[in-house]
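Q: I'd like to ask you about the structure that follows.
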Amino acid sequence: MTWMLITLISGWLGSVSVEGIFSRMPKGELISVEYHVSGTAAGYQYYYLVERQKDGTVVLKAMKENYGEIIEKKVDAKVLSHIQDIIKSFKMYKYKERYLPYFDVRDGYMWDFYARFSEGESISSGGSNAWPKNDGLGAIRAYVTEVLIADSQ
């Protein structure tokens, strides 16, 4: 009975992301966040980068639509603060380092997410044909798209 319990616990621990259990929100202010999705077609399906420059300005580079052109514009520093709030509310710091499907997929999508903070910490996650359970990535994308089109209407 004891060996069966040990086997069950070992199997459970092996299937749980240790980094997700012990992760915490990185310290400091968000200074850059980048996300891209690419499929089997050439180039990115979707891309955004929001980054504080050395002079303190914040630049947004993003696509309004899938496979669209990358548009660049200066934005208010509050944009990074709002994205940091999304990261915190969706607990994106608990995302696994890599998401992969349970079965072999030879076609589909790959994605990467990277966020850097002023205290030197970062969040890095990515995947191939598998995604985190919550939609923090989608929430940031929706917000970035909103910011991108805010002044261009």
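Following the order of the structure tokens, chains are lettered A, B, ..., residues in each are numbered from 1, and ligands are numbered from 1.
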Looking only at the backbone, which of the residues in region 10-143 of chain A does DSSP tag as alpha helix (DSSP H), as number ranges by chain?

A: A: 10-15, 18-22, 78-89, 136-143

Q: Running DSSP on the backbone, which parts of chain A land in strand (DSSP E or B), as a JSON list (two decimals) with N, CA and C atoms, in the first residue's frame?

A:
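As written to disk, result27.json reads:
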[["chain", "number", "residue", "atom", "x", "y", "z"],
["A", 30, "LEU", "N", 7.49, 46.51, -15.09],
["A", 30, "LEU", "CA", 7.63, 45.88, -16.40],
["A", 30, "LEU", "C", 8.34, 46.86, -17.33],
["A", 31, "ILE", "N", 9.41, 46.40, -17.99],
["A", 31, "ILE", "CA", 10.13, 47.29, -18.91],
["A", 31, "ILE", "C", 10.00, 46.85, -20.37],
["A", 32, "SER", "N", 9.64, 45.58, -20.58],
["A", 32, "SER", "CA", 9.36, 45.15, -21.95],
["A", 32, "SER", "C", 8.55, 43.86, -21.93],
["A", 33, "VAL", "N", 7.73, 43.72, -22.95],
["A", 33, "VAL", "CA", 6.94, 42.51, -23.11],
["A", 33, "VAL", "C", 6.84, 42.23, -24.61],
["A", 34, "GLU", "N", 7.04, 40.97, -24.96],
["A", 34, "GLU", "CA", 7.04, 40.58, -26.37],
["A", 34, "GLU", "C", 6.29, 39.26, -26.52],
["A", 35, "TYR", "N", 5.56, 39.14, -27.60],
["A", 35, "TYR", "CA", 4.79, 37.92, -27.87],
["A", 35, "TYR", "C", 4.68, 37.75, -29.38],
["A", 36, "HIS", "N", 4.86, 36.53, -29.82],
["A", 36, "HIS", "CA", 4.63, 36.26, -31.23],
["A", 36, "HIS", "C", 4.10, 34.86, -31.43],
["A", 37, "VAL", "N", 3.32, 34.73, -32.48],
["A", 37, "VAL", "CA", 2.76, 33.45, -32.90],
["A", 37, "VAL", "C", 3.16, 33.25, -34.35],
["A", 38, "SER", "N", 3.66, 32.08, -34.66],
["A", 38, "SER", "CA", 3.98, 31.79, -36.06],
["A", 38, "SER", "C", 3.40, 30.43, -36.42],
["A", 44, "TYR", "N", 5.55, 35.97, -39.08],
["A", 44, "TYR", "CA", 4.70, 35.87, -37.89],
["A", 44, "TYR", "C", 3.23, 35.95, -38.27],
["A", 45, "GLN", "N", 2.43, 35.14, -37.61],
["A", 45, "GLN", "CA", 0.99, 35.30, -37.74],
["A", 45, "GLN", "C", 0.57, 36.54, -36.94],
["A", 46, "TYR", "N", 1.18, 36.68, -35.75],
["A", 46, "TYR", "CA", 0.90, 37.84, -34.92],
["A", 46, "TYR", "C", 2.16, 38.19, -34.13],
["A", 47, "TYR", "N", 2.34, 39.49, -33.87],
["A", 47, "TYR", "CA", 3.53, 39.95, -33.14],
["A", 47, "TYR", "C", 3.21, 41.25, -32.40],
["A", 48, "TYR", "N", 3.74, 41.37, -31.16],
["A", 48, "TYR", "CA", 3.78, 42.67, -30.50],
["A", 48, "TYR", "C", 5.00, 42.76, -29.61],
["A", 49, "LEU", "N", 5.47, 43.99, -29.44],
["A", 49, "LEU", "CA", 6.55, 44.32, -28.53],
["A", 49, "LEU", "C", 6.22, 45.68, -27.93],
["A", 50, "VAL", "N", 6.23, 45.76, -26.61],
["A", 50, "VAL", "CA", 6.08, 47.03, -25.91],
["A", 50, "VAL", "C", 7.33, 47.16, -25.06],
["A", 51, "GLU", "N", 8.06, 48.28, -25.25],
["A", 51, "GLU", "CA", 9.37, 48.38, -24.61],
["A", 51, "GLU", "C", 9.70, 49.81, -24.21],
["A", 52, "ARG", "N", 10.20, 49.94, -22.96],
["A", 52, "ARG", "CA", 10.69, 51.23, -22.49],
["A", 52, "ARG", "C", 12.07, 51.45, -23.07],
["A", 58, "VAL", "N", 8.15, 55.00, -24.26],
["A", 58, "VAL", "CA", 7.68, 53.62, -24.45],
["A", 58, "VAL", "C", 7.22, 53.48, -25.90],
["A", 59, "VAL", "N", 7.71, 52.44, -26.55],
["A", 59, "VAL", "CA", 7.39, 52.19, -27.96],
["A", 59, "VAL", "C", 6.61, 50.89, -28.07],
["A", 60, "LEU", "N", 5.56, 50.94, -28.87],
["A", 60, "LEU", "CA", 4.75, 49.79, -29.18],
["A", 60, "LEU", "C", 4.95, 49.43, -30.64],
["A", 61, "LYS", "N", 5.26, 48.15, -30.90],
["A", 61, "LYS", "CA", 5.34, 47.63, -32.27],
["A", 61, "LYS", "C", 4.40, 46.44, -32.29],
["A", 62, "ALA", "N", 3.42, 46.47, -33.20],
["A", 62, "ALA", "CA", 2.45, 45.39, -33.21],
["A", 62, "ALA", "C", 1.73, 45.30, -34.54],
["A", 63, "MET", "N", 1.05, 44.18, -34.72],
["A", 63, "MET", "CA", 0.19, 43.96, -35.88],
["A", 63, "MET", "C", -1.26, 44.19, -35.46],
["A", 70, "ILE", "N", 3.71, 45.39, -39.33],
["A", 70, "ILE", "CA", 4.04, 45.79, -37.97],
["A", 70, "ILE", "C", 4.04, 47.31, -37.93],
["A", 71, "ILE", "N", 3.20, 47.85, -37.06],
["A", 71, "ILE", "CA", 3.06, 49.30, -36.90],
["A", 71, "ILE", "C", 3.81, 49.70, -35.64],
["A", 72, "GLU", "N", 4.51, 50.82, -35.70],
["A", 72, "GLU", "CA", 5.28, 51.30, -34.55],
["A", 72, "GLU", "C", 4.75, 52.67, -34.13],
["A", 73, "LYS", "N", 4.59, 52.86, -32.81],
["A", 73, "LYS", "CA", 4.19, 54.17, -32.31],
["A", 73, "LYS", "C", 4.60, 54.32, -30.86],
["A", 74, "LYS", "N", 4.81, 55.56, -30.45],
["A", 74, "LYS", "CA", 5.11, 55.87, -29.05],
["A", 74, "LYS", "C", 3.80, 55.85, -28.28],
["A", 75, "VAL", "N", 3.85, 55.31, -27.07],
["A", 75, "VAL", "CA", 2.67, 55.23, -26.23],
["A", 75, "VAL", "C", 3.00, 55.71, -24.83],
["A", 98, "ARG", "N", 7.53, 25.66, -21.15],
["A", 98, "ARG", "CA", 7.20, 25.12, -22.48],
["A", 98, "ARG", "C", 5.88, 24.39, -22.42],
["A", 99, "TYR", "N", 5.04, 24.60, -23.43],
["A", 99, "TYR", "CA", 3.78, 23.89, -23.58],
["A", 99, "TYR", "C", 3.86, 23.06, -24.85],
["A", 110, "MET", "N", 3.39, 27.84, -33.31],
["A", 110, "MET", "CA", 4.37, 27.98, -32.25],
["A", 110, "MET", "C", 4.24, 29.40, -31.70],
["A", 111, "TRP", "N", 4.51, 29.59, -30.42],
["A", 111, "TRP", "CA", 4.41, 30.91, -29.82],
["A", 111, "TRP", "C", 5.48, 31.07, -28.74],
["A", 112, "ASP", "N", 5.82, 32.34, -28.49],
["A", 112, "ASP", "CA", 6.76, 32.68, -27.43],
["A", 112, "ASP", "C", 6.30, 33.97, -26.77],
["A", 113, "PHE", "N", 6.47, 34.02, -25.45],
["A", 113, "PHE", "CA", 6.12, 35.18, -24.64],
["A", 113, "PHE", "C", 7.30, 35.48, -23.74],
["A", 114, "TYR", "N", 7.67, 36.76, -23.65],
["A", 114, "TYR", "CA", 8.80, 37.15, -22.82],
["A", 114, "TYR", "C", 8.51, 38.50, -22.19],
["A", 115, "ALA", "N", 8.68, 38.60, -20.88],
["A", 115, "ALA", "CA", 8.48, 39.86, -20.16],
["A", 115, "ALA", "C", 9.69, 40.11, -19.25],
["A", 116, "ARG", "N", 10.24, 41.34, -19.30],
["A", 116, "ARG", "CA", 11.39, 41.71, -18.47],
["A", 116, "ARG", "C", 10.97, 42.79, -17.48],
["A", 117, "PHE", "N", 11.54, 42.71, -16.28],
["A", 117, "PHE", "CA", 11.21, 43.64, -15.21],
["A", 117, "PHE", "C", 12.46, 44.39, -14.75],
["A", 122, "SER", "N", 12.54, 38.00, -15.08],
["A", 122, "SER", "CA", 11.79, 37.90, -16.32],
["A", 122, "SER", "C", 10.84, 36.69, -16.28],
["A", 123, "ILE", "N", 9.93, 36.71, -17.21],
["A", 123, "ILE", "CA", 9.02, 35.58, -17.45],
["A", 123, "ILE", "C", 9.26, 35.14, -18.88],
["A", 124, "SER", "N", 9.41, 33.85, -19.07],
["A", 124, "SER", "CA", 9.61, 33.31, -20.41],
["A", 124, "SER", "C", 8.77, 32.06, -20.56],
["A", 125, "SER", "N", 7.96, 32.02, -21.60],
["A", 125, "SER", "CA", 7.11, 30.87, -21.84],
["A", 125, "SER", "C", 6.89, 30.74, -23.34],
["A", 126, "GLY", "N", 6.61, 29.55, -23.77],
["A", 126, "GLY", "CA", 6.35, 29.33, -25.18],
["A", 126, "GLY", "C", 5.73, 27.97, -25.40],
["A", 127, "GLY", "N", 5.38, 27.70, -26.62],
["A", 127, "GLY", "CA", 4.78, 26.40, -26.88],
["A", 127, "GLY", "C", 4.64, 26.10, -28.35],
["A", 128, "SER", "N", 4.25, 24.87, -28.59],
["A", 128, "SER", "CA", 3.98, 24.40, -29.94],
["A", 128, "SER", "C", 2.69, 23.61, -29.88]]

Q: Which residue out of A:Glu97, A:Glu146, A:Asp107, A:Glu69 has the minimum interatomic distance to Gly43 (chain A) when only C-alpha atoms are used?

A: A:Glu69

Q: Which residue is closest to Ala139 (chain A)? Choose from A:Glu121, A:Asp104, A:Asp85, A:Lys96 and count only C-alpha atoms.

A: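 Nearest candidate to Ala139 (chain A) out of A:Glu121, A:Asp104, A:Asp85, A:Lys96: A:Asp85.
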
Q: Nearest to Ile149 (chain A) among A:Tyr109, A:Gly120, A:Trp131, A:Glu65, with distances taken over only C-alpha atoms: which residue is it?

A: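 Checking each of A:Tyr109, A:Gly120, A:Trp131, A:Glu65 against Ile149 (chain A), counting only C-alpha atoms, the winner is A:Glu65.
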
Q: Rank nothing, just name the residue among A:Val79, A:Lys64, A:Ser89, A:Gly56 nearest to Met25 (chain A), using only C-alpha atoms.

A: A:Ser89
